[in-house]
Amino acid sequence: MNRNPVVVAVAITGSVPRKKDNPAVPVTVAEQIESTHRAFEAGATLAHIHVRNDDESPSSDPDKFAAVQEGLRRHCPGMIVQFSTGGRGRDPAGRGLSLKHRPDMASLSTGSVNFPTIVYENPASLVTALASQMQEYGVRPEIEIFDLSHLHGAKRLVEAGFMDARPHVQFVMGVQNAMPADERLLDILLGEMRRILPEATWTAAGIGRNQAVVMEWALARGADAVRTGLEDNIRITKDRLAASNAELVGRAVDTVIRHGRRVASPAEARTALGLAT
């Protein structure tokens, strides 16, 4: 069992939730910086960043990513900044534009999958191009796993020299039409990861009402990190919206402690994920 400190990641905005769904969703650059700062003070040490246009639609504007990063580095010292290269609502040609700003990490999906209303397309050529850009700019990838085959996509990137043998892997469970939140599936995924990527660190993200239970499963299996935030889940209970990202982080911190672990400091989080302190 992993007794190392746990990295608490907060996915602050995402591409889907709007203010009409929960007024606490941070949309503007200023809102994102403030929301992340409060989450940082509550215990989060990794921020997963999407940016939005003025109409709340997903944006690939590299200047907005840069502005959020600048604010986080000023107000959240040592926090890991992770940009999204996800594709929901974004032109594939724009998904890597922000990498030139050299965030600590960036998400990287290694295969395509069905989402609720679209196919999330990640053709091999795009995956390789994004991985190459991350390598060029010294950005550490977080591999997003929506299907078992995506682990093998990550292994191919390691074998091709686009990343080292110790990637950070995130299993995403509970997206409608994709991989369900099923505890047995997590065991299958972990078994395969440990077989083909034995040095990888890992976490798991549960979407919507699955957020809390997937976190429990991950911690029970010694995960290196947990993920929370309004991108994945806008509620505390079925009947109550989350007041902020910080409230969700506070609940994650309580869960970490209940499992006999402690929350990683920014320096410990960087060490755990292979980043410079």
# chains A, B, ... in the order shown; residues from 1 in each chain; ligands from 1
>>> select_by_dssp(residues="stretch 88-138 of chain A", states="strand (DSSP E)", output="NGL selection string")
:A and (105-109 or 113-114 or 119-120)
>>> closest_atom_pairs(of="stretch 93-178 of chain A", to="stretch 204-208 of chain A", cutoff="6 Å", atoms="only C-alpha atoms", output="tab-separated table")
residue	atom	partner	partner_atom	distance
A:Gln170	CA	A:Ala204	CA	5.1
A:Phe171	CA	A:Ala204	CA	4.5
A:Val172	CA	A:Ala205	CA	4.9
A:Met173	CA	A:Gly206	CA	5.0
A:Gly174	CA	A:Ile207	CA	5.1
>>> closest_atom_pairs(of="stretch 192-213 of chain A", to="stretch 158-168 of chain A", cutoff="10 Å", atoms="only C-alpha atoms", output="CSV")
residue,atom,partner,partner_atom,distance
A:Ile196,CA,A:Ala165,CA,9.8
A:Leu197,CA,A:Ala165,CA,6.8
A:Pro198,CA,A:Arg166,CA,7.9
A:Glu199,CA,A:Arg166,CA,4.9
A:Ala200,CA,A:Arg166,CA,4.4
A:Thr201,CA,A:His168,CA,4.8
A:Trp202,CA,A:His168,CA,5.5
A:Thr203,CA,A:His168,CA,7.9
>>> closest_atom_pairs(of="stretch 13-120 of chain A", to="stretch 225-231 of chain A", cutoff="7 Å", atoms="only C-alpha atoms", output="CSV")
residue,atom,partner,partner_atom,distance
A:Thr13,CA,A:Glu231,CA,4.7
A:Gly14,CA,A:Glu231,CA,4.4
A:Pro17,CA,A:Glu231,CA,6.7
A:Val25,CA,A:Leu230,CA,6.5
>>> residues_around(residues="A:Val7", least_positions_apart="4", cutoff="10 Å", atoms="only C-alpha atoms", output="list of chain:residue names")
A:Gly43, A:Ala44, A:Thr45, A:Leu46, A:Ile80, A:Thr203, A:Ala223, A:Asp224, A:Ala225, A:Val226, A:Arg227, A:Val253, A:Val256, A:Arg262, A:Val263, A:Ala264, A:Ser265, A:Pro266, A:Glu268, A:Ala269, A:Arg270, A:Ala272, A:Leu273
>>> atom_distance(atom1="atom CA of A:Arg184", atom2="atom CA of A:Thr255")
20.9 Å
>>> atom_distance(atom1="atom CA of A:Leu189", atom2="atom CA of A:Lys155")
13.6 Å
>>> select_by_dssp(residues="stretch 16-176 of chain A", states="helix (DSSP H, G or I)", output="PyMOL selection string")
chain A and resi 29-42+62-75+92-94+97-101+124-137+148-159
>>> atom_distance(atom1="atom CA of A:Ala67", atom2="atom CA of A:Pro141")
20.7 Å
